[in-house]
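Next comes my_file-v8.tsv, a file with TSV, C-alpha atoms.
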chain	number	residue	atom	x	y	z
A	1	MET	CA	-42.56	12.92	-21.76
A	2	ASN	CA	-46.30	12.79	-22.40
A	3	GLY	CA	-48.66	13.96	-25.13
A	4	SER	CA	-48.53	17.61	-24.07
A	5	SER	CA	-44.72	17.73	-23.88
A	6	LEU	CA	-44.58	16.05	-27.30
A	7	ALA	CA	-46.68	18.91	-28.60
A	8	ALA	CA	-44.40	21.48	-26.98
A	9	HIS	CA	-41.21	19.68	-27.99
A	10	PRO	CA	-41.84	17.59	-31.10
A	11	PRO	CA	-39.36	14.71	-31.44
A	12	ALA	CA	-36.70	15.72	-33.92
A	13	GLY	CA	-35.20	13.34	-36.48
A	14	ASN	CA	-31.79	13.26	-38.12
A	15	PHE	CA	-30.16	16.70	-38.04
A	16	PHE	CA	-27.84	15.63	-40.86
A	17	ALA	CA	-30.50	14.55	-43.39
A	18	ALA	CA	-28.93	15.55	-46.70
A	19	THR	CA	-32.01	17.27	-48.11
A	20	ASP	CA	-32.08	19.74	-45.24
A	21	TYR	CA	-28.46	20.06	-44.27
A	22	ILE	CA	-26.69	21.76	-47.17
A	23	LYS	CA	-28.01	25.07	-48.47
A	24	TRP	CA	-26.78	26.18	-51.85
A	25	ASP	CA	-26.62	29.84	-52.78
A	26	MET	CA	-25.73	29.40	-56.41
A	27	GLY	CA	-25.90	33.13	-57.10
A	28	ARG	CA	-23.05	33.80	-54.68
A	29	GLY	CA	-21.36	30.44	-55.04
A	30	VAL	CA	-21.73	29.75	-51.33
A	31	LEU	CA	-22.58	26.50	-49.57
A	32	ARG	CA	-23.68	26.59	-45.98
A	33	ALA	CA	-24.44	23.91	-43.43
A	34	ARG	CA	-27.76	23.89	-41.65
A	35	GLY	CA	-26.34	25.77	-38.67
A	36	GLY	CA	-24.84	28.47	-40.94
A	37	ALA	CA	-21.20	27.31	-41.17
A	38	ARG	CA	-19.70	27.70	-44.60
A	39	LEU	CA	-18.81	24.52	-46.45
A	40	MET	CA	-16.71	23.72	-49.49
A	41	ALA	CA	-16.85	20.59	-51.60
A	42	PHE	CA	-13.71	19.36	-53.26
A	43	PRO	CA	-13.00	16.48	-55.63
A	44	GLN	CA	-10.66	13.57	-54.98
A	45	GLU	CA	-7.97	15.20	-57.12
A	46	PHE	CA	-7.71	17.90	-54.47
A	47	THR	CA	-6.89	15.31	-51.80
A	48	VAL	CA	-4.39	13.63	-54.11
A	49	GLY	CA	-2.72	17.01	-54.66
A	50	LEU	CA	-2.78	17.80	-50.96
A	51	LEU	CA	-1.11	14.48	-50.09
A	52	ALA	CA	1.52	14.98	-52.82
A	53	GLY	CA	2.24	18.55	-51.71
A	54	LEU	CA	2.51	17.59	-48.06
A	55	GLU	CA	4.86	14.73	-48.82
A	56	ASP	CA	7.04	17.05	-50.92
A	57	GLU	CA	7.19	19.66	-48.18
A	58	CYS	CA	7.23	17.51	-45.06
A	59	GLY	CA	8.66	14.19	-46.18
A	60	GLU	CA	8.01	11.34	-43.75
A	61	ALA	CA	6.25	13.74	-41.38
A	62	TRP	CA	3.22	14.26	-43.64
A	63	PRO	CA	0.95	11.95	-41.59
A	64	ILE	CA	1.73	13.97	-38.45
A	65	VAL	CA	0.72	17.18	-40.21
A	66	MET	CA	-2.50	15.56	-41.41
A	67	TYR	CA	-3.21	14.25	-37.90
A	68	ARG	CA	-2.75	17.70	-36.36
A	69	CYS	CA	-4.98	19.32	-39.00
A	70	GLY	CA	-7.65	16.70	-38.34
A	71	GLU	CA	-7.37	17.10	-34.60
A	72	TRP	CA	-7.77	20.86	-34.78
A	73	TRP	CA	-10.67	20.56	-37.12
A	74	GLY	CA	-12.33	17.77	-35.11
A	75	LYS	CA	-12.34	19.92	-31.97
A	76	ARG	CA	-13.93	22.88	-33.79
A	77	HIS	CA	-16.37	20.61	-35.56
A	78	MET	CA	-17.49	19.18	-32.23
A	79	GLU	CA	-17.92	22.67	-30.80
A	80	ARG	CA	-20.23	23.50	-33.69
A	81	MET	CA	-22.06	20.20	-33.44
A	82	GLU	CA	-22.69	20.81	-29.75
A	83	LYS	CA	-24.30	24.12	-30.58
A	84	ASP	CA	-26.29	22.89	-33.59
A	85	LEU	CA	-27.41	19.58	-32.13
A	86	GLY	CA	-28.16	21.18	-28.78
A	87	ALA	CA	-30.58	23.54	-30.51
A	88	HIS	CA	-32.06	20.78	-32.67
A	89	TYR	CA	-32.66	18.24	-29.89
A	90	ARG	CA	-33.09	20.83	-27.11
A	91	GLU	CA	-30.54	18.90	-25.08
A	92	GLU	CA	-26.81	19.21	-24.61
A	93	LEU	CA	-24.91	16.76	-26.83
A	94	ARG	CA	-23.06	15.38	-23.82
A	95	ASP	CA	-26.43	14.68	-22.14
A	96	LEU	CA	-27.79	12.68	-25.07
A	97	PRO	CA	-27.60	8.89	-24.77
A	98	THR	CA	-24.27	7.63	-26.14
A	99	ALA	CA	-25.96	5.75	-28.98
A	100	HIS	CA	-27.79	8.91	-30.00
A	101	ALA	CA	-24.57	10.97	-30.04
A	102	HIS	CA	-22.77	8.26	-32.02
A	103	SER	CA	-25.59	8.05	-34.53
A	104	SER	CA	-25.39	11.81	-35.08
A	105	LEU	CA	-21.61	11.55	-35.55
A	106	THR	CA	-22.10	8.67	-37.99
A	107	GLU	CA	-24.56	10.69	-40.06
A	108	ALA	CA	-22.37	13.80	-39.98
A	109	TRP	CA	-19.38	11.78	-41.13
A	110	ALA	CA	-21.34	10.20	-43.99
A	111	LEU	CA	-22.94	13.46	-45.06
A	112	HIS	CA	-19.57	15.17	-45.43
A	113	GLY	CA	-18.33	12.34	-47.64
A	114	TRP	CA	-15.80	10.82	-45.23
A	115	GLY	CA	-17.25	7.33	-45.47
A	116	ARG	CA	-19.42	5.39	-43.05
A	117	ILE	CA	-18.07	5.27	-39.53
A	118	SER	CA	-19.17	2.89	-36.80
A	119	PHE	CA	-18.16	2.61	-33.17
A	120	ASP	CA	-17.55	-0.56	-31.20
A	121	MET	CA	-17.72	-0.03	-27.46
A	122	ALA	CA	-17.03	-3.66	-26.48
A	123	ASP	CA	-13.69	-2.77	-24.87
A	124	ILE	CA	-14.69	0.54	-23.39
A	125	GLU	CA	-14.21	-0.86	-19.87
A	126	HIS	CA	-10.54	-1.29	-20.82
A	127	GLY	CA	-10.42	2.35	-21.89
A	128	VAL	CA	-10.38	1.59	-25.61
A	129	MET	CA	-12.89	2.30	-28.36
A	130	HIS	CA	-12.67	0.58	-31.73
A	131	VAL	CA	-13.74	2.53	-34.79
A	132	HIS	CA	-14.38	1.23	-38.27
A	133	VAL	CA	-14.58	3.38	-41.41
A	134	ASP	CA	-15.90	2.07	-44.70
A	135	GLY	CA	-15.19	4.08	-47.82
A	136	SER	CA	-12.43	6.33	-46.45
A	137	GLN	CA	-11.97	9.24	-48.80
A	138	ILE	CA	-8.30	9.58	-47.79
A	139	ALA	CA	-7.47	5.93	-48.50
A	140	ALA	CA	-9.29	6.20	-51.84
A	141	ALA	CA	-7.29	9.32	-52.78
A	142	PHE	CA	-4.06	7.70	-51.69
A	143	MET	CA	-4.70	4.65	-53.86
A	144	ALA	CA	-5.76	6.86	-56.78
A	145	SER	CA	-2.45	8.71	-56.51
A	146	GLY	CA	-0.54	5.48	-57.13
A	147	LYS	CA	1.66	6.15	-54.09
A	148	ASP	CA	3.18	3.33	-52.06
A	149	PRO	CA	1.92	3.38	-48.45
A	150	LYS	CA	5.23	1.76	-47.43
A	151	GLY	CA	3.38	-0.57	-45.10
A	152	LYS	CA	1.78	2.25	-43.14
A	153	PRO	CA	-1.90	3.14	-42.70
A	154	VAL	CA	-2.59	6.43	-44.50
A	155	CYS	CA	-5.79	7.87	-42.97
A	156	SER	CA	-4.02	10.01	-40.38
A	157	LEU	CA	-6.38	12.91	-41.11
A	158	LEU	CA	-9.27	10.71	-39.99
A	159	SER	CA	-7.39	9.59	-36.87
A	160	GLY	CA	-6.85	13.24	-36.03
A	161	ILE	CA	-10.50	14.16	-36.56
A	162	MET	CA	-11.63	11.33	-34.29
A	163	ALA	CA	-9.13	12.38	-31.64
A	164	GLY	CA	-10.31	15.98	-31.86
A	165	LEU	CA	-14.01	15.12	-31.71
A	166	PHE	CA	-13.67	12.84	-28.71
A	167	SER	CA	-11.12	14.98	-26.89
A	168	HIS	CA	-13.55	17.86	-27.02
A	169	MET	CA	-16.49	15.69	-26.04
A	170	THR	CA	-14.76	13.96	-23.11
A	171	LYS	CA	-12.54	16.87	-22.02
A	172	ALA	CA	-9.61	14.43	-21.97
A	173	GLU	CA	-6.63	14.01	-24.28
A	174	ILE	CA	-7.85	11.29	-26.61
A	175	VAL	CA	-5.53	9.83	-29.23
A	176	ALA	CA	-6.55	7.70	-32.22
A	177	HIS	CA	-4.40	5.35	-34.29
A	178	GLU	CA	-5.29	3.63	-37.52
A	179	VAL	CA	-4.45	-0.05	-37.17
A	180	SER	CA	-5.57	-1.36	-40.55
A	181	CYS	CA	-6.06	0.46	-43.81
A	182	VAL	CA	-7.44	-0.43	-47.24
A	183	ALA	CA	-4.50	1.48	-48.76
A	184	ARG	CA	-2.26	-1.33	-47.54
A	185	LYS	CA	-4.63	-3.94	-48.96
A	186	GLU	CA	-6.50	-4.66	-45.75
A	187	ASP	CA	-10.26	-5.16	-45.76
A	188	ALA	CA	-11.20	-1.98	-43.89
A	189	CYS	CA	-9.86	1.09	-42.19
A	190	ARG	CA	-9.93	0.40	-38.46
A	191	PHE	CA	-8.84	2.61	-35.61
A	192	VAL	CA	-8.29	2.34	-31.88
A	193	MET	CA	-8.89	5.28	-29.64
A	194	GLY	CA	-8.20	5.96	-26.00
A	195	GLN	CA	-6.42	8.23	-23.55
A	196	LYS	CA	-2.90	9.11	-24.66
A	197	GLU	CA	-1.10	6.81	-22.19
A	198	LYS	CA	-3.42	3.92	-22.90
A	199	VAL	CA	-2.68	3.78	-26.63
A	200	ALA	CA	0.92	5.05	-26.50
A	201	GLY	CA	2.33	1.67	-27.54
A	202	VAL	CA	0.13	1.30	-30.61
A	203	PRO	CA	2.40	3.02	-33.19
A	204	ASP	CA	5.17	0.59	-32.33
A	205	MET	CA	2.80	-2.36	-32.74
A	206	ILE	CA	1.68	-0.98	-36.11
A	207	ARG	CA	5.32	-0.69	-37.21
A	208	LYS	CA	5.83	-4.33	-36.29
A	209	ARG	CA	2.77	-5.19	-38.39
A	210	ALA	CA	0.77	-6.54	-35.46
A	211	THR	CA	-2.73	-7.57	-36.50
A	212	VAL	CA	-5.85	-5.70	-35.38
A	213	GLU	CA	-6.68	-8.61	-33.07
A	214	GLU	CA	-3.19	-8.61	-31.53
A	215	ILE	CA	-3.35	-4.89	-30.90
A	216	GLY	CA	-6.81	-5.25	-29.38
A	217	GLN	CA	-5.61	-8.02	-27.06
A	218	LYS	CA	-2.60	-6.05	-25.97
A	219	LEU	CA	-4.75	-3.00	-25.14
A	220	LYS	CA	-7.06	-5.17	-23.08
A	221	GLY	CA	-4.03	-6.20	-21.05
A	222	GLY	CA	-3.57	-9.63	-22.55
A	223	GLY	CA	-1.07	-11.00	-25.08
B	1	MET	CA	-41.39	18.39	-53.19
B	2	ASN	CA	-43.51	15.40	-54.21
B	3	ARG	CA	-41.02	12.78	-55.37
B	4	ALA	CA	-42.85	11.98	-58.64
B	5	ILE	CA	-43.15	15.66	-59.58
B	6	HIS	CA	-39.51	16.19	-58.67
B	7	ASP	CA	-38.42	13.28	-60.88
B	8	ILE	CA	-40.51	14.49	-63.83
B	9	MET	CA	-39.05	18.01	-63.57
B	10	LYS	CA	-35.55	16.60	-63.29
B	11	SER	CA	-35.90	14.45	-66.39
B	12	ALA	CA	-37.38	17.27	-68.47
B	13	GLU	CA	-34.33	19.53	-68.57
B	14	GLY	CA	-34.03	21.54	-71.78
B	15	ARG	CA	-37.47	20.65	-73.09
B	16	TYR	CA	-41.18	21.12	-72.36
B	17	LEU	CA	-43.10	18.54	-70.37
B	18	THR	CA	-44.87	15.98	-72.53
B	19	ALA	CA	-48.67	15.79	-72.31
B	20	ASP	CA	-48.34	12.59	-70.32
B	21	GLU	CA	-45.85	14.16	-67.90
B	22	GLY	CA	-48.08	17.20	-67.49
B	23	LYS	CA	-51.00	14.93	-66.68
B	24	LYS	CA	-48.94	13.09	-64.07
B	25	VAL	CA	-47.92	16.38	-62.44
B	26	ILE	CA	-51.55	17.46	-62.18
B	27	GLU	CA	-52.62	14.06	-60.87
B	28	ASN	CA	-49.93	14.16	-58.22
B	29	ALA	CA	-50.75	17.71	-57.22
B	30	ARG	CA	-54.43	16.80	-56.89
B	31	GLN	CA	-53.56	14.02	-54.48
B	32	TYR	CA	-52.28	16.53	-51.94
B	33	GLU	CA	-55.77	17.37	-50.71
B	34	HIS	CA	-56.62	13.74	-50.06
B	35	LEU	CA	-53.24	12.92	-48.50
B	36	LEU	CA	-53.38	15.98	-46.26
B	37	ALA	CA	-56.82	14.87	-45.07
B	38	ILE	CA	-55.38	11.46	-44.13
B	39	ALA	CA	-52.50	13.17	-42.32
B	40	ARG	CA	-55.02	15.33	-40.42
B	41	THR	CA	-56.87	12.20	-39.27
B	42	VAL	CA	-53.58	10.62	-38.20
B	43	GLU	CA	-52.79	13.75	-36.20
B	44	GLN	CA	-56.17	13.59	-34.46
B	45	ARG	CA	-55.76	9.88	-33.63
B	46	GLU	CA	-52.02	9.95	-32.96
B	47	GLY	CA	-52.40	9.63	-29.19
B	48	ASP	CA	-54.57	6.50	-29.44
B	49	ILE	CA	-52.43	4.87	-32.14
B	50	VAL	CA	-49.21	5.38	-30.21
B	51	ARG	CA	-50.65	4.41	-26.83
B	52	GLN	CA	-52.18	1.19	-28.16
B	53	CYS	CA	-48.95	0.32	-29.90
B	54	ILE	CA	-46.87	0.81	-26.74
B	55	GLU	CA	-49.32	-1.15	-24.59
B	56	ARG	CA	-49.13	-4.11	-26.95
B	57	VAL	CA	-45.34	-3.99	-27.13
B	58	PHE	CA	-45.00	-3.84	-23.34
B	59	GLN	CA	-47.45	-6.69	-22.97
B	60	LYS	CA	-45.40	-8.80	-25.35
B	61	PHE	CA	-42.05	-7.81	-23.77
B	62	PRO	CA	-42.77	-7.12	-20.09
B	63	LYS	CA	-39.11	-7.37	-19.04
B	64	PHE	CA	-38.08	-4.78	-21.62
B	65	HIS	CA	-40.45	-2.31	-19.98
B	66	ALA	CA	-39.40	-3.14	-16.45
B	67	GLU	CA	-35.65	-3.06	-17.07
B	68	ARG	CA	-35.43	0.32	-18.74
B	69	PRO	CA	-36.02	3.66	-17.00
B	70	ASN	CA	-38.55	5.93	-18.70
B	71	ALA	CA	-39.34	3.18	-21.20
B	72	TYR	CA	-42.87	4.47	-21.86
B	73	GLU	CA	-41.77	8.04	-22.52
B	74	LYS	CA	-38.95	6.97	-24.82
B	75	ALA	CA	-41.19	4.58	-26.75
B	76	GLU	CA	-43.80	7.32	-27.07
B	77	ARG	CA	-41.19	9.73	-28.38
B	78	ASP	CA	-39.74	7.31	-30.95
B	79	ILE	CA	-43.01	5.85	-32.22
B	80	THR	CA	-44.56	9.30	-32.47
B	81	MET	CA	-41.55	10.51	-34.43
B	82	VAL	CA	-41.73	7.64	-36.91
B	83	LEU	CA	-45.49	8.10	-37.31
B	84	ARG	CA	-45.20	11.85	-37.93
B	85	TYR	CA	-42.38	11.53	-40.46
B	86	ALA	CA	-44.24	8.66	-42.15
B	87	ALA	CA	-47.23	10.96	-42.54
B	88	LEU	CA	-45.00	13.70	-43.98
B	89	ALA	CA	-43.43	11.23	-46.39
B	90	MET	CA	-46.90	10.05	-47.42
B	91	VAL	CA	-48.08	13.61	-48.13
B	92	ASN	CA	-44.99	14.14	-50.28
B	93	ARG	CA	-45.08	10.62	-51.71
B	94	ASP	CA	-41.40	10.51	-50.84
B	95	PRO	CA	-40.14	7.39	-49.06
B	96	GLU	CA	-36.60	8.78	-49.08
B	97	LEU	CA	-37.71	11.62	-46.81
B	98	LEU	CA	-38.58	9.10	-44.12
B	99	ARG	CA	-35.46	6.98	-44.63
B	100	GLU	CA	-33.09	9.92	-44.64
B	101	LYS	CA	-34.61	12.05	-41.94
B	102	VAL	CA	-35.32	9.30	-39.44
B	103	LEU	CA	-34.79	5.67	-40.27
B	104	TYR	CA	-31.07	5.38	-41.10
B	105	TRP	CA	-30.19	7.52	-38.11
B	106	LEU	CA	-32.59	5.75	-35.75
B	107	ARG	CA	-31.34	2.36	-36.95
B	108	THR	CA	-27.83	3.16	-35.69
B	109	ILE	CA	-29.23	4.12	-32.29
B	110	LEU	CA	-31.49	1.08	-31.96
B	111	MET	CA	-28.72	-1.30	-33.03
B	112	ALA	CA	-26.41	0.15	-30.39
B	113	MET	CA	-29.16	-0.34	-27.81
B	114	GLU	CA	-29.53	-3.96	-28.97
B	115	PHE	CA	-33.33	-3.78	-29.08
B	116	GLY	CA	-33.43	-6.64	-31.63
B	117	GLU	CA	-36.82	-8.25	-32.04
B	118	VAL	CA	-38.54	-5.55	-29.98
B	119	THR	CA	-37.96	-3.06	-32.78
B	120	LYS	CA	-39.44	-5.33	-35.43
B	121	TYR	CA	-42.48	-6.11	-33.31
B	122	THR	CA	-42.99	-2.43	-32.42
B	123	TYR	CA	-43.24	-1.19	-35.97
B	124	GLU	CA	-45.24	-4.18	-37.18
B	125	THR	CA	-47.65	-3.41	-34.33
B	126	LEU	CA	-47.69	0.25	-35.33
B	127	GLN	CA	-48.85	-0.83	-38.80
B	128	ASP	CA	-51.62	-2.82	-37.17
B	129	CYS	CA	-52.66	0.06	-34.92
B	130	VAL	CA	-52.77	2.37	-37.94
B	131	ALA	CA	-54.94	-0.18	-39.75
B	132	LYS	CA	-57.37	-0.22	-36.81
B	133	ALA	CA	-57.48	3.56	-36.42
B	134	LEU	CA	-58.00	4.64	-40.01
B	135	PRO	CA	-60.39	3.69	-42.82
B	136	PRO	CA	-58.84	0.78	-44.78
B	137	ALA	CA	-57.82	2.77	-47.88
B	138	ASP	CA	-56.25	5.54	-45.77
B	139	ALA	CA	-54.42	3.03	-43.58
B	140	GLU	CA	-53.05	1.37	-46.68
B	141	GLU	CA	-51.67	4.71	-47.90
B	142	LEU	CA	-49.92	5.45	-44.60
B	143	ASN	CA	-48.75	1.91	-44.00
B	144	LYS	CA	-46.77	1.92	-47.25
B	145	TYR	CA	-44.47	4.23	-45.29
B	146	VAL	CA	-44.74	2.71	-41.81
B	147	LYS	CA	-43.71	-0.55	-43.47
B	148	LEU	CA	-40.38	1.09	-44.37
B	149	ALA	CA	-39.68	1.42	-40.65
B	150	VAL	CA	-39.96	-2.35	-40.31
B	151	GLU	CA	-37.72	-2.89	-43.33
B	152	VAL	CA	-34.99	-0.45	-42.29
B	153	LEU	CA	-35.06	-0.66	-38.50
B	154	ALA	CA	-35.53	-4.40	-38.15

As a first step, turn the structure in this file into structure tokens.
Amino acid sequence: MNGSSLAAHPPAGNFFAATDYIKWDMGRGVLRARGGARLMAFPQEFTVGLLAGLEDECGEAWPIVMYRCGEWWGKRHMERMEKDLGAHYREELRDLPTAHAHSSLTEAWALHGWGRISFDMADIEHGVMHVHVDGSQIAAAFMASGKDPKGKPVCSLLSGIMAGLFSHMTKAEIVAHEVSCVARKEDACRFVMGQKEKVAGVPDMIRKRATVEEIGQKLKGGG
Amino acid sequence: MNRAIHDIMKSAEGRYLTADEGKKVIENARQYEHLLAIARTVEQREGDIVRQCIERVFQKFPKFHAERPNAYEKAERDITMVLRYAALAMVNRDPELLREKVLYWLRTILMAMEFGEVTKYTYETLQDCVAKALPPADAEELNKYVKLAVEVLA
């Protein structure tokens, strides 16, 4: 790129800057995202009610339902992001440097109120990505509801979204598992993500209350 | 909207602006002409500012340049972006515009790339190049915002 191409294609900043991203049409009561998709904001009580309703209807299977919803949504969200970010940066999302794509995902996640997500690629050569979420809205709602997590991580909706986003991006079947959760009094919500076969043993390790480090070691082939 | 004007309007809900607030709005609005003139000068000297900045960074970190493909083009893109958004933020007197539209997002990218001290040196050098390219008072205005890049990115 040189001066003339900079003039033709000015470098674009953060697509998800809050001041530009959400458009309010107060007359019609409609919120739209920058690319035109309709949005809806909901308070924490909604999530508390959703969790309570799902548990009533589905019993122990409620996390699976949440995961599937997240996965479906994550895939569609990534489709839209590919279109919107492709237009904004004049480059396909999959062609952007990984750090650039992750930064856009981080900002999108924060802007929608899901907390601050960060990605750790240290074990990517072992086929595993570690993900950290601060301020999970789901964990906060769960704790506000006064429910007992029964020793299980509760942010299955977030696991599903991550799986959906990365499955769409990589064209592979990516699965995410939450391995620590603030709802069970741990310091952060942490996730591991990888191809289905690679992380298949993780739920069993979670049930046995393996630590994040132990799970990480096992996935790297040690332990 | 100019951050100060925005804040005054926001705090005046359900009442008229006080004389002092009205005066501040006018003062802020009057500054636009001057700030736009600075931004115009920055636009005219952008090429020199950015080129000098990159040359100094590459001189200081020769390996960084050699080890990364298209290093010059990428540096030109990023430094130009920060400079342009800094100028926009200056015109609007809105530091949050720069933080939100560029710096927080760029910080995540640069951290992942592990640029470390190169980032700090780059945007400190950009401040210096701005100081050399603009009259002192104008450079001081713009550098209030370029300085944010050092604070957030480094």

Excluding A:Ile215 and any residue of its chain fewer than 4 positions from it, enumerate the residues within 10 Å of it, using all atoms listed in the file, and give them as a PyMOL selection string. chain A and resi 179+192+199+201-202+205-206+209-211+219-223

List the spatial neighbours of stretch 126-142 of chain B as a PyMOL selection string - criterion: any atom at most 9 Å away, only C-alpha atoms, same-chain residues fewer than 3 positions off excluded. chain B and resi 35+38-39+41-42+45+48-50+52-54+79+83+86-87+89-90+121-123+145-147

With a cut-off of 10 Å, could you pull out the residues of chain A touching chain B and give me the nearest pair of atoms for each, distance in Å to one decimal, using all atoms listed in the file, ordered by chain and ascending number, as CSV?
residue,atom,partner,partner_atom,distance
A:Met1,CA,B:Glu73,CA,5.0
A:Asn2,CA,B:Glu73,CA,6.6
A:Gly3,CA,B:Gly47,CA,7.0
A:Ser5,CA,B:Arg77,CA,9.8
A:Leu6,CA,B:Arg77,CA,7.3
A:His9,CA,B:Arg77,CA,10.0
A:Pro10,CA,B:Met81,CA,7.8
A:Pro11,CA,B:Met81,CA,5.6
A:Ala12,CA,B:Met81,CA,7.1
A:Gly13,CA,B:Val102,CA,5.0
A:Asn14,CA,B:Lys101,CA,4.9
A:Phe15,CA,B:Lys101,CA,7.5
A:Phe16,CA,B:Lys101,CA,7.7
A:Ala17,CA,B:Lys101,CA,5.0
A:Ala18,CA,B:Glu100,CA,7.3
A:Thr19,CA,B:Leu97,CA,8.1
A:Asp20,CA,B:Lys101,CA,8.7
A:Pro97,CA,B:Ile109,CA,9.1
A:Thr98,CA,B:Ile109,CA,8.6
A:Ala99,CA,B:Ile109,CA,4.9
A:His100,CA,B:Ile109,CA,5.5
A:Ala101,CA,B:Ile109,CA,8.6
A:His102,CA,B:Ile109,CA,7.7
A:Ser103,CA,B:Thr108,CA,5.5
A:Ser104,CA,B:Trp105,CA,7.1
A:Leu105,CA,B:Trp105,CA,9.8
A:Thr106,CA,B:Trp105,CA,8.2
A:Glu107,CA,B:Trp105,CA,6.7
A:Ser118,CA,B:Thr108,CA,8.7
A:Phe119,CA,B:Ala112,CA,9.0
A:Asp120,CA,B:Ala112,CA,8.9
A:Met121,CA,B:Ala112,CA,9.2

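Relative to atom CA of A:Arg116, atom CA of A:Tyr21 is found at 17.3 Å.
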
Name the residues in contact with A:Thr47 at a cut-off of 8 Å, using all atoms listed in the file, excluding same-chain residues fewer than 3 positions from it; report them as a PDB file with C-alpha atoms, in the coordinates of the input.
ATOM      1  CA  PRO A  43     -13.000  16.480 -55.630  1.00  0.00           C
ATOM      2  CA  GLN A  44     -10.660  13.570 -54.980  1.00  0.00           C
ATOM      3  CA  LEU A  50      -2.780  17.800 -50.960  1.00  0.00           C
ATOM      4  CA  LEU A  51      -1.110  14.480 -50.090  1.00  0.00           C
ATOM      5  CA  ILE A 138      -8.300   9.580 -47.790  1.00  0.00           C
ATOM      6  CA  ALA A 141      -7.290   9.320 -52.780  1.00  0.00           C
TER       7      ALA A 141
END

Would you kindly place N, CA, C and O atoms on stretch 128-139 of chain A and return the model as a compact mmCIF listing (two decimals), in the frame of the given file?
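Output file out.txt follows:
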# COMPACT_ATOMS: atom_id res chain seq x y z
N VAL A 128 -10.67 1.58 -24.17
CA VAL A 128 -10.38 1.59 -25.61
C VAL A 128 -11.69 1.56 -26.40
O VAL A 128 -12.61 0.80 -26.06
N MET A 129 -11.75 2.36 -27.44
CA MET A 129 -12.89 2.30 -28.36
C MET A 129 -12.36 1.91 -29.73
O MET A 129 -11.32 2.41 -30.17
N HIS A 130 -13.04 0.98 -30.37
CA HIS A 130 -12.67 0.58 -31.73
C HIS A 130 -13.57 1.31 -32.71
O HIS A 130 -14.78 1.44 -32.47
N VAL A 131 -12.98 1.78 -33.79
CA VAL A 131 -13.74 2.53 -34.79
C VAL A 131 -13.45 1.91 -36.15
O VAL A 131 -12.33 1.49 -36.43
N HIS A 132 -14.48 1.87 -36.96
CA HIS A 132 -14.38 1.23 -38.27
C HIS A 132 -14.88 2.26 -39.29
O HIS A 132 -15.92 2.86 -39.10
N VAL A 133 -14.12 2.46 -40.35
CA VAL A 133 -14.58 3.38 -41.41
C VAL A 133 -14.61 2.63 -42.73
O VAL A 133 -13.59 2.09 -43.18
N ASP A 134 -15.78 2.62 -43.34
CA ASP A 134 -15.90 2.07 -44.70
C ASP A 134 -15.88 3.23 -45.68
O ASP A 134 -16.54 4.25 -45.45
N GLY A 135 -15.17 3.06 -46.77
CA GLY A 135 -15.19 4.08 -47.82
C GLY A 135 -14.39 5.33 -47.48
O GLY A 135 -14.81 6.44 -47.83
N SER A 136 -13.25 5.16 -46.81
CA SER A 136 -12.43 6.33 -46.45
C SER A 136 -12.01 7.11 -47.70
O SER A 136 -11.42 6.55 -48.62
N GLN A 137 -12.31 8.39 -47.65
CA GLN A 137 -11.97 9.24 -48.80
C GLN A 137 -10.45 9.40 -48.91
O GLN A 137 -9.91 9.48 -50.02
N ILE A 138 -9.76 9.41 -47.78
CA ILE A 138 -8.30 9.58 -47.79
C ILE A 138 -7.62 8.35 -48.39
O ILE A 138 -6.72 8.46 -49.24
N ALA A 139 -8.07 7.15 -47.95
CA ALA A 139 -7.47 5.93 -48.50
C ALA A 139 -7.73 5.86 -50.01
O ALA A 139 -6.84 5.47 -50.79
